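Listing of structure.tsv; format and content: TSV, C-alpha atoms.
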```tsv
chain	number	residue	atom	x	y	z
A	1	MET	CA	-21.13	-10.96	18.18
A	2	THR	CA	-24.73	-10.92	16.91
A	3	THR	CA	-26.07	-9.55	13.63
A	4	ASN	CA	-27.19	-6.42	15.51
A	5	THR	CA	-23.71	-5.79	16.88
A	6	ALA	CA	-20.86	-3.92	15.22
A	7	CYS	CA	-17.22	-4.25	16.19
A	8	ALA	CA	-14.29	-1.88	15.73
A	9	VAL	CA	-10.58	-1.87	16.53
A	10	HIS	CA	-9.64	0.91	18.96
A	11	GLN	CA	-6.12	2.03	19.76
A	12	ILE	CA	-5.73	2.32	23.54
A	13	ALA	CA	-2.00	3.09	23.90
A	14	ARG	CA	0.76	4.79	21.92
A	15	PRO	CA	3.29	2.22	20.69
A	16	THR	CA	6.87	2.45	21.88
A	17	GLY	CA	8.89	1.13	18.97
A	18	PHE	CA	7.22	-1.88	17.38
A	19	PRO	CA	3.46	-1.99	18.22
A	20	ALA	CA	2.07	-4.71	20.48
A	21	ALA	CA	-1.33	-6.39	20.48
A	22	SER	CA	-1.92	-4.81	23.91
A	23	ASP	CA	-1.96	-1.37	22.25
A	24	PHE	CA	-5.38	-2.25	20.77
A	25	THR	CA	-8.77	-3.56	21.77
A	26	TYR	CA	-11.90	-4.78	19.99
A	27	ALA	CA	-14.95	-2.74	21.00
A	28	GLU	CA	-18.57	-3.74	20.35
A	29	SER	CA	-21.52	-1.39	19.84
A	30	PRO	CA	-24.97	-1.50	18.21
A	31	VAL	CA	-25.00	-1.40	14.42
A	32	PRO	CA	-25.61	2.28	13.59
A	33	GLU	CA	-28.68	3.52	11.76
A	34	PRO	CA	-27.98	5.65	8.68
A	35	ARG	CA	-28.60	9.36	9.21
A	36	PRO	CA	-29.81	11.66	6.42
A	37	GLY	CA	-27.04	11.86	3.81
A	38	THR	CA	-25.32	8.67	4.92
A	39	ALA	CA	-25.39	4.96	4.09
A	40	LEU	CA	-24.75	1.96	6.29
A	41	VAL	CA	-22.05	-0.30	4.87
A	42	GLN	CA	-21.13	-3.81	5.96
A	43	ASN	CA	-17.40	-4.17	5.37
A	44	LEU	CA	-16.19	-7.15	3.38
A	45	LEU	CA	-12.44	-6.52	3.09
A	46	LEU	CA	-10.10	-4.35	5.15
A	47	SER	CA	-6.63	-3.07	4.32
A	48	VAL	CA	-3.78	-2.86	6.85
A	49	ASP	CA	-1.00	-0.58	5.66
A	50	PRO	CA	2.45	0.64	6.74
A	51	TYR	CA	1.24	4.26	6.96
A	52	HIS	CA	-1.02	3.28	9.86
A	53	ARG	CA	2.06	2.88	12.05
A	54	GLY	CA	2.93	6.58	11.79
A	55	MET	CA	-0.64	7.63	12.56
A	56	MET	CA	-0.57	5.60	15.77
A	57	ASP	CA	1.91	8.07	17.27
A	58	GLY	CA	-0.87	10.68	17.39
A	59	GLY	CA	-0.44	14.31	16.45
A	60	GLU	CA	-2.57	16.47	14.20
A	61	ASP	CA	-3.15	13.78	11.56
A	62	GLY	CA	-2.86	10.77	13.86
A	63	PHE	CA	-5.33	8.36	15.43
A	64	GLU	CA	-7.17	9.28	18.63
A	65	LEU	CA	-6.97	6.89	21.54
A	66	GLY	CA	-10.18	5.07	22.37
A	67	ALA	CA	-11.73	5.66	18.96
A	68	PRO	CA	-12.18	3.39	15.92
A	69	LEU	CA	-9.17	3.31	13.64
A	70	GLU	CA	-9.49	4.31	10.00
A	71	GLY	CA	-8.36	2.47	6.89
A	72	ARG	CA	-9.24	1.55	3.34
A	73	SER	CA	-12.12	-0.87	3.00
A	74	VAL	CA	-14.55	-2.38	0.53
A	75	GLY	CA	-18.10	-3.01	1.68
A	76	ARG	CA	-21.70	-3.44	0.60
A	77	VAL	CA	-24.47	-0.93	1.31
A	78	LEU	CA	-27.08	-2.41	3.66
A	79	ALA	CA	-29.31	0.68	3.97
A	80	SER	CA	-29.03	4.17	2.55
A	81	ARG	CA	-30.27	7.70	3.15
A	82	ASP	CA	-27.62	9.02	0.73
A	83	PRO	CA	-29.14	9.64	-2.72
A	84	GLY	CA	-25.79	8.75	-4.30
A	85	LEU	CA	-25.66	5.25	-2.79
A	86	ARG	CA	-28.15	2.44	-3.23
A	87	GLU	CA	-28.73	-0.71	-1.21
A	88	GLY	CA	-26.49	-3.44	-2.59
A	89	ASP	CA	-23.84	-1.08	-4.02
A	90	LEU	CA	-20.23	-2.09	-3.54
A	91	VAL	CA	-18.25	0.87	-2.24
A	92	PHE	CA	-14.67	1.81	-1.48
A	93	HIS	CA	-14.21	4.00	1.60
A	94	ARG	CA	-11.74	4.85	4.36
A	95	ARG	CA	-13.72	3.86	7.46
A	96	GLY	CA	-12.22	0.43	7.85
A	97	TRP	CA	-10.92	-1.52	10.87
A	98	ARG	CA	-14.60	-2.05	11.80
A	99	THR	CA	-17.39	-4.36	10.69
A	100	HIS	CA	-19.90	-1.61	9.83
A	101	ALA	CA	-19.53	2.04	8.85
A	102	LEU	CA	-21.62	5.09	8.02
A	103	VAL	CA	-20.34	6.71	4.82
A	104	THR	CA	-21.29	9.50	2.43
A	105	ARG	CA	-20.49	9.31	-1.25
A	106	GLY	CA	-17.68	11.72	-2.18
A	107	VAL	CA	-16.56	12.23	1.44
A	108	ASP	CA	-13.15	10.85	2.49
A	109	GLY	CA	-12.76	9.04	-0.82
A	110	THR	CA	-16.04	7.13	-0.65
A	111	ARG	CA	-17.04	5.95	-4.13
A	112	THR	CA	-18.99	3.16	-5.77
A	113	LEU	CA	-16.84	0.52	-7.39
A	114	ARG	CA	-16.94	0.13	-11.15
A	115	ASN	CA	-17.27	-3.61	-10.40
A	116	HIS	CA	-15.46	-4.89	-13.49
A	117	ALA	CA	-16.53	-8.35	-14.60
A	118	ASP	CA	-14.06	-11.16	-13.85
A	119	VAL	CA	-12.03	-8.99	-11.46
A	120	PRO	CA	-11.87	-10.33	-7.86
A	121	LEU	CA	-12.96	-8.07	-5.03
A	122	GLU	CA	-9.50	-8.04	-3.44
A	123	ALA	CA	-8.13	-6.25	-6.51
A	124	TYR	CA	-9.88	-3.06	-5.37
A	125	LEU	CA	-7.72	-2.92	-2.23
A	126	SER	CA	-4.51	-4.07	-3.92
A	127	ILE	CA	-3.52	-3.54	-7.55
A	128	LEU	CA	-6.62	-1.38	-8.27
A	129	GLY	CA	-6.61	0.24	-4.82
A	130	GLY	CA	-4.34	2.58	-2.95
A	131	THR	CA	-1.26	0.38	-3.34
A	132	GLY	CA	-1.66	0.08	-7.10
A	133	LEU	CA	-2.50	3.77	-7.43
A	134	THR	CA	0.62	4.66	-5.43
A	135	ALA	CA	2.79	2.53	-7.70
A	136	TYR	CA	1.15	3.90	-10.86
A	137	ALA	CA	1.56	7.53	-9.77
A	138	ALA	CA	5.17	6.90	-8.70
A	139	LEU	CA	6.08	5.39	-12.05
A	140	THR	CA	4.04	7.47	-14.51
A	141	ARG	CA	4.02	10.88	-12.81
A	142	THR	CA	6.76	11.21	-10.20
A	143	ALA	CA	9.53	9.18	-11.85
A	144	ALA	CA	8.14	9.26	-15.41
A	145	LEU	CA	9.55	5.81	-16.21
A	146	ARG	CA	10.31	5.43	-19.92
A	147	GLU	CA	10.38	2.30	-22.01
A	148	GLY	CA	13.78	0.60	-21.89
A	149	GLU	CA	14.81	2.05	-18.51
A	150	ASP	CA	16.04	0.07	-15.51
A	151	LEU	CA	14.22	0.13	-12.16
A	152	PHE	CA	14.97	-0.78	-8.55
A	153	VAL	CA	12.15	-1.13	-6.02
A	154	SER	CA	12.64	-1.82	-2.31
A	155	ALA	CA	10.26	-3.91	-0.18
A	156	ALA	CA	9.47	-5.42	-3.56
A	157	ALA	CA	7.45	-8.35	-2.22
A	158	GLY	CA	4.99	-6.08	-0.40
A	159	GLY	CA	1.84	-4.45	-1.72
A	160	VAL	CA	3.30	-1.37	-3.42
A	161	GLY	CA	6.41	-3.29	-4.42
A	162	THR	CA	4.59	-6.05	-6.30
A	163	ALA	CA	2.30	-3.51	-7.96
A	164	THR	CA	5.35	-1.48	-9.00
A	165	GLY	CA	6.91	-4.54	-10.60
A	166	HIS	CA	3.77	-5.39	-12.58
A	167	ILE	CA	3.16	-1.84	-13.77
A	168	ALA	CA	6.79	-1.20	-14.65
A	169	ARG	CA	6.84	-4.32	-16.83
A	170	LEU	CA	3.67	-3.22	-18.61
A	171	LEU	CA	5.24	0.21	-19.17
A	172	GLY	CA	8.23	-1.40	-20.87
A	173	ALA	CA	10.94	-1.34	-18.21
A	174	ARG	CA	14.09	-3.17	-19.37
A	175	ARG	CA	15.36	-4.62	-16.08
A	176	ILE	CA	13.49	-4.71	-12.76
A	177	ILE	CA	15.43	-5.35	-9.55
A	178	GLY	CA	13.92	-5.81	-6.10
A	179	SER	CA	14.98	-6.17	-2.50
A	180	ALA	CA	13.11	-8.27	0.05
A	181	GLY	CA	13.51	-9.66	3.54
A	182	SER	CA	13.93	-13.40	3.02
A	183	ALA	CA	15.23	-15.96	0.57
A	184	ALA	CA	11.66	-17.19	-0.03
A	185	LYS	CA	10.56	-13.68	-1.00
A	186	VAL	CA	13.54	-13.30	-3.32
A	187	ARG	CA	12.55	-16.53	-5.07
A	188	HIS	CA	8.96	-15.29	-5.31
A	189	LEU	CA	10.12	-12.09	-6.99
A	190	THR	CA	12.25	-13.80	-9.62
A	191	GLU	CA	10.41	-17.10	-10.15
A	192	VAL	CA	6.77	-15.97	-9.83
A	193	LEU	CA	6.63	-12.22	-10.47
A	194	GLY	CA	9.30	-12.09	-13.16
A	195	PHE	CA	11.81	-9.70	-11.60
A	196	ASP	CA	15.13	-9.82	-13.44
A	197	ALA	CA	17.14	-9.82	-10.20
A	198	ALA	CA	16.45	-9.65	-6.47
A	199	PHE	CA	18.36	-9.87	-3.21
A	200	ASP	CA	17.76	-10.35	0.51
A	201	TYR	CA	18.85	-7.18	2.30
A	202	HIS	CA	19.91	-9.29	5.29
A	203	ASP	CA	22.67	-10.90	3.21
A	204	GLY	CA	25.01	-7.91	3.19
A	205	PRO	CA	25.24	-4.15	2.62
A	206	VAL	CA	22.38	-3.05	0.39
A	207	GLY	CA	24.60	-0.80	-1.72
A	208	GLU	CA	26.98	-3.65	-2.52
A	209	GLN	CA	24.20	-6.09	-3.38
A	210	LEU	CA	22.43	-3.53	-5.55
A	211	ALA	CA	25.63	-2.65	-7.40
A	212	LYS	CA	26.15	-6.35	-8.13
A	213	ALA	CA	22.56	-6.78	-9.34
A	214	ALA	CA	22.76	-3.62	-11.49
A	215	PRO	CA	26.40	-3.30	-12.61
A	216	ASP	CA	25.41	-0.82	-15.33
A	217	GLY	CA	23.29	1.30	-13.00
A	218	ILE	CA	19.58	2.12	-12.77
A	219	ASP	CA	17.39	4.96	-14.01
A	220	VAL	CA	14.55	4.90	-11.47
A	221	TYR	CA	14.22	3.92	-7.82
A	222	VAL	CA	10.84	3.45	-6.10
A	223	ASP	CA	11.65	3.65	-2.39
A	224	ASN	CA	9.45	2.00	0.22
A	225	VAL	CA	12.20	1.65	2.85
A	226	GLY	CA	14.53	4.65	3.14
A	227	GLY	CA	17.75	4.36	5.14
A	228	ASP	CA	20.48	2.19	3.63
A	229	HIS	CA	18.28	1.37	0.63
A	230	LEU	CA	18.06	5.03	-0.34
A	231	GLU	CA	21.78	5.49	0.14
A	232	GLY	CA	22.56	2.44	-1.98
A	233	ALA	CA	20.22	3.55	-4.75
A	234	ILE	CA	21.77	7.03	-4.91
A	235	ASP	CA	25.16	5.40	-5.53
A	236	VAL	CA	23.85	3.21	-8.36
A	237	LEU	CA	21.55	5.69	-10.10
A	238	ARG	CA	22.76	6.99	-13.44
A	239	GLU	CA	22.97	10.67	-14.24
A	240	TYR	CA	19.51	12.30	-14.36
A	241	GLY	CA	18.01	9.36	-12.45
A	242	ARG	CA	14.76	9.73	-10.53
A	243	ILE	CA	13.70	8.63	-7.07
A	244	ALA	CA	10.01	8.28	-6.17
A	245	TRP	CA	9.98	8.10	-2.37
A	246	VAL	CA	6.84	6.30	-1.22
A	247	GLY	CA	7.63	5.19	2.34
A	248	GLY	CA	10.29	4.56	4.95
A	249	ILE	CA	9.35	1.34	6.72
A	250	SER	CA	12.90	0.97	8.04
A	251	MET	CA	12.33	4.09	10.16
A	252	TYR	CA	8.74	3.69	11.35
A	253	HIS	CA	9.57	2.12	14.73
A	254	ASP	CA	12.52	4.40	15.60
A	255	ASP	CA	11.77	7.56	17.58
A	256	ARG	CA	15.04	9.15	16.48
A	257	SER	CA	15.20	11.35	13.41
A	258	PRO	CA	16.74	9.30	10.58
A	259	ALA	CA	20.21	10.28	9.47
A	260	ALA	CA	20.46	11.62	5.94
A	261	PRO	CA	22.20	9.32	3.45
A	262	ARG	CA	25.94	9.94	3.60
A	263	ASN	CA	26.01	10.35	-0.18
A	264	LEU	CA	23.12	12.81	-0.39
A	265	PHE	CA	25.18	15.38	-2.29
A	266	GLU	CA	25.37	12.90	-5.17
A	267	VAL	CA	21.85	14.14	-5.93
A	268	VAL	CA	23.59	17.33	-7.06
A	269	HIS	CA	26.59	15.69	-8.72
A	270	LYS	CA	24.40	13.39	-10.82
A	271	SER	CA	21.51	15.82	-11.36
A	272	LEU	CA	19.15	13.35	-9.71
A	273	ARG	CA	15.55	14.13	-8.81
A	274	LEU	CA	13.99	12.95	-5.55
A	275	GLU	CA	10.28	13.52	-4.97
A	276	GLY	CA	7.84	12.19	-2.40
A	277	VAL	CA	4.67	10.34	-3.41
A	278	LEU	CA	1.38	10.77	-1.51
A	279	VAL	CA	-1.44	8.78	-3.05
A	280	ARG	CA	-4.05	11.30	-1.89
A	281	ASN	CA	-2.57	13.75	-4.41
A	282	HIS	CA	-3.24	11.36	-7.30
A	283	THR	CA	-6.83	10.17	-6.82
A	284	ASN	CA	-7.66	11.75	-10.19
A	285	LEU	CA	-5.76	8.85	-11.78
A	286	GLN	CA	-8.11	6.14	-10.48
A	287	ASP	CA	-10.07	5.60	-13.71
A	288	GLU	CA	-6.86	5.77	-15.76
A	289	LEU	CA	-5.31	3.11	-13.52
A	290	GLU	CA	-8.29	0.78	-13.91
A	291	ASP	CA	-8.51	1.25	-17.67
A	292	PHE	CA	-4.79	0.41	-17.90
A	293	LEU	CA	-4.78	-2.65	-15.63
A	294	VAL	CA	-8.17	-4.36	-15.89
A	295	PRO	CA	-7.49	-5.97	-19.30
A	296	HIS	CA	-4.28	-7.48	-17.90
A	297	LEU	CA	-6.08	-8.75	-14.78
A	298	ARG	CA	-8.71	-10.41	-16.96
A	299	SER	CA	-6.09	-12.00	-19.21
A	300	GLY	CA	-4.12	-13.31	-16.24
A	301	ARG	CA	-0.97	-11.44	-17.22
A	302	ILE	CA	-0.93	-9.86	-13.74
A	303	GLY	CA	-2.50	-10.94	-10.45
A	304	THR	CA	-3.84	-9.24	-7.35
A	305	ASP	CA	-0.85	-10.37	-5.20
A	306	THR	CA	-2.54	-10.54	-1.82
A	307	THR	CA	-2.14	-12.28	1.50
A	308	ILE	CA	-5.61	-12.60	3.05
A	309	VAL	CA	-6.25	-13.14	6.76
A	310	GLN	CA	-9.71	-14.51	7.52
A	311	GLY	CA	-11.87	-12.95	10.23
A	312	PHE	CA	-12.27	-9.46	11.66
A	313	ASP	CA	-10.96	-10.59	15.04
A	314	HIS	CA	-7.57	-11.14	13.37
A	315	THR	CA	-7.22	-7.53	12.12
A	316	VAL	CA	-4.57	-6.52	14.67
A	317	GLU	CA	-2.72	-9.79	14.06
A	318	ALA	CA	-2.72	-9.05	10.32
A	319	PHE	CA	-1.42	-5.52	10.89
A	320	LEU	CA	1.45	-6.68	13.09
A	321	GLY	CA	2.26	-9.46	10.63
A	322	MET	CA	2.42	-6.93	7.79
A	323	LEU	CA	4.89	-4.82	9.78
A	324	ARG	CA	7.01	-7.94	10.37
A	325	GLY	CA	6.93	-8.72	6.65
A	326	ASP	CA	4.87	-11.91	6.93
A	327	ASN	CA	2.91	-11.08	3.76
A	328	LEU	CA	3.52	-11.58	0.07
A	329	GLY	CA	1.87	-8.72	-1.76
A	330	LYS	CA	-0.89	-6.71	-0.09
A	331	MET	CA	-2.09	-7.79	3.35
A	332	LEU	CA	-5.90	-7.82	3.62
A	333	VAL	CA	-8.47	-8.98	6.15
A	334	ARG	CA	-11.60	-10.74	4.86
A	335	LEU	CA	-14.55	-10.37	7.18
A	336	ASP	CA	-16.88	-13.24	7.95
A	337	SER	CA	-20.19	-12.68	6.22
```
Write-out of the structure in structure tokens:
Amino acid sequence: MTTNTACAVHQIARPTGFPAASDFTYAESPVPEPRPGTALVQNLLLSVDPYHRGMMDGGEDGFELGAPLEGRSVGRVLASRDPGLREGDLVFHRRGWRTHALVTRGVDGTRTLRNHADVPLEAYLSILGGTGLTAYAALTRTAALREGEDLFVSAAAGGVGTATGHIARLLGARRIIGSAGSAAKVRHLTEVLGFDAAFDYHDGPVGEQLAKAAPDGIDVYVDNVGGDHLEGAIDVLREYGRIAWVGGISMYHDDRSPAAPRNLFEVVHKSLRLEGVLVRNHTNLQDELEDFLVPHLRSGRIGTDTTIVQGFDHTVEAFLGMLRGDNLGKMLVRLDS
């Protein structure tokens, strides 16, 4: 690939169950020239996220076959015909999974980064990006976590999970419990990230393991998994507990409609509240999130928690690895520059 060539990941087939590398291709084209009102951005970092899996099935909000995929990205402006963007600006936008993109400030979330001193670039796609904003909205708005309350978060070693743990601790949570998919991830949660308890969901029924880890119950559950995790959390939640439902990775590769938790009526018995979290409904919190977290990033109290794959030609590999749970924290792709 030359400097005058752009490359993008195209989806060429609808996955059946777990996606395969053969469902995608890398397509080259000339680097586009900015049109009036747009800026040409060279992408530096790309995000691969669980929500991409659902969009690959198509439908009204899904990906088109044979077209570049979309995703969160951070890049640098190479040339601009947008009066709101200048050459050299660092920008966040949603036209990722490609080496170059044409963007317009204010369209599809495109914005210049505040570029805080002593904050690494990967923070803007992890703890200060969509994953961190999701966790912050889930805890401060949806679940309204209060100081001294106990929290359970599923897929706790992933991007949203690690961000949830950091933010909950800063908000004054008493005990933080996480589930993960391996013994190594469990150790990472308790020994590195400071979770009070964690368990491997492969080791037995989730409900039983959670009840053992939280014998006195929990107040808040941030759900990234659904299925048996949601059912187990409903059993352990105290009266007036809150569930912030972020994702359902346990159901993404199953074409069947998921069965409702068998204990769903406990939501009524315990006066629980269950509410979904869509980060696009909380973009107004971005500055608040950064003002809250940047001092702690600078002090080293929290980290970016990322797994970085090097090279654009490994984007699909990174995405499939994220779905398999190969990452600790947020999975990102760093482009060769």
Selection: 12 Å around A:Glu239, all atoms listed in the file, excl. self and same-chain fewer than 3 positions, as a ChimeraX atom specification: /A:216-220,234-236,242-243,266-273
Contact residues around stretch 49-60 of chain A with all atoms listed in the file at 10 Å, ignoring same-chain residues under 6 positions, as a VMD selection string: chain A and resid 11 to 19 23 69 to 72 130 to 131 159 224 247 to 249 251 to 253 255 318 to 320 322 to 323 330 to 332
Option closest in space to A:Tyr136, from A:Ala211, A:Leu328, A:Leu278, A:Leu297 [counting only C-alpha atoms]: A:Leu278
Nearest candidate to A:His116 (options A:Leu85, A:Ala168, A:Ala260, A:Leu293; using only C-alpha atoms):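 Among A:Leu85, A:Ala168, A:Ala260, A:Leu293, it is A:Leu293 that comes nearest to A:His116.
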Neighbour list for A:Gln209 as a ChimeraX atom specification, cut-off 8 Å, all atoms listed in the file, skip fewer than 5 positions in-chain: /A:199,201,204
Residues within 12 Å of A:Gly300, please, as an mmCIF file with C-alpha atoms, keeping the file's coordinate frame. Count all atoms listed in the file; anything in the same chain fewer than 4 positions from it doesn't count.
```cif
data_model
loop_
_atom_site.group_PDB
_atom_site.id
_atom_site.type_symbol
_atom_site.label_atom_id
_atom_site.label_comp_id
_atom_site.auth_asym_id
_atom_site.auth_seq_id
_atom_site.Cartn_x
_atom_site.Cartn_y
_atom_site.Cartn_z
ATOM 1 C CA ASP A 118 -14.060 -11.160 -13.850
ATOM 2 C CA VAL A 119 -12.030 -8.990 -11.460
ATOM 3 C CA PRO A 120 -11.870 -10.330 -7.860
ATOM 4 C CA HIS A 166 3.770 -5.390 -12.580
ATOM 5 C CA LEU A 293 -4.780 -2.650 -15.630
ATOM 6 C CA VAL A 294 -8.170 -4.360 -15.890
ATOM 7 C CA PRO A 295 -7.490 -5.970 -19.300
ATOM 8 C CA HIS A 296 -4.280 -7.480 -17.900
ATOM 9 C CA THR A 304 -3.840 -9.240 -7.350
ATOM 10 C CA ASP A 305 -0.850 -10.370 -5.200
#
```
Atomic separation - atom CA of A:Gly303 relative to atom CA of A:His100, Å: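 Spanning atom CA of A:His100 to atom CA of A:Gly303 is a straight-line distance of 28.3 Å.
One finds atom CA of A:Val206 at 16.0 Å from atom CA of A:Lys185.
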Which centre and which edge lengths, in Å to one decimal, describe the axis-aligned box that holds all listed atoms of stretch 329-332 of chain A after 5 Å is added on each side, as AutoDock Vina command-line options?
```
--center_x -2.0 --center_y -7.7 --center_z 0.9 --size_x 17.8 --size_y 12.0 --size_z 15.4
```
Selected residue, from A:Arg280, A:His188, A:Arg175, A:Arg76, that lies nearest to A:Gly109 when counting only C-alpha atoms: A:Arg280
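Neighbouring residues of A:Asp223 at 7 Å or closer, counting all atoms listed in the file and skipping chain neighbours under 4 positions away, are Val153, Ser154, Leu230, Ala244, Trp245, Val246 and Gly247 of chain A.
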Only C-alpha atoms, please: the residues just picked out, written as a PDB file, in the frame of the given file.
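As written to disk, part29.pdb reads:
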```pdb
ATOM      1  CA  VAL A 153      12.150  -1.130  -6.020  1.00  0.00           C
ATOM      2  CA  SER A 154      12.640  -1.820  -2.310  1.00  0.00           C
ATOM      3  CA  LEU A 230      18.060   5.030  -0.340  1.00  0.00           C
ATOM      4  CA  ALA A 244      10.010   8.280  -6.170  1.00  0.00           C
ATOM      5  CA  TRP A 245       9.980   8.100  -2.370  1.00  0.00           C
ATOM      6  CA  VAL A 246       6.840   6.300  -1.220  1.00  0.00           C
ATOM      7  CA  GLY A 247       7.630   5.190   2.340  1.00  0.00           C
TER       8      GLY A 247
END
```
Between atom CA of A:Phe63 and atom CA of A:Leu285, distance in Å (one decimal): 27.2 Å
Which of A:Pro68, A:Gly88, A:Gly194, A:Pro261 sits closest to A:Ile176 [using all atoms listed in the file]: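 Among the listed residues, the smallest separation from A:Ile176 belongs to A:Gly194.
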Residue with smallest distance to A:Tyr124 - pool A:Val103, A:Val192, A:Ala197, A:Val91, counting all atoms listed in the file: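 Counting all atoms listed in the file, the residue closest to A:Tyr124 is A:Val91.
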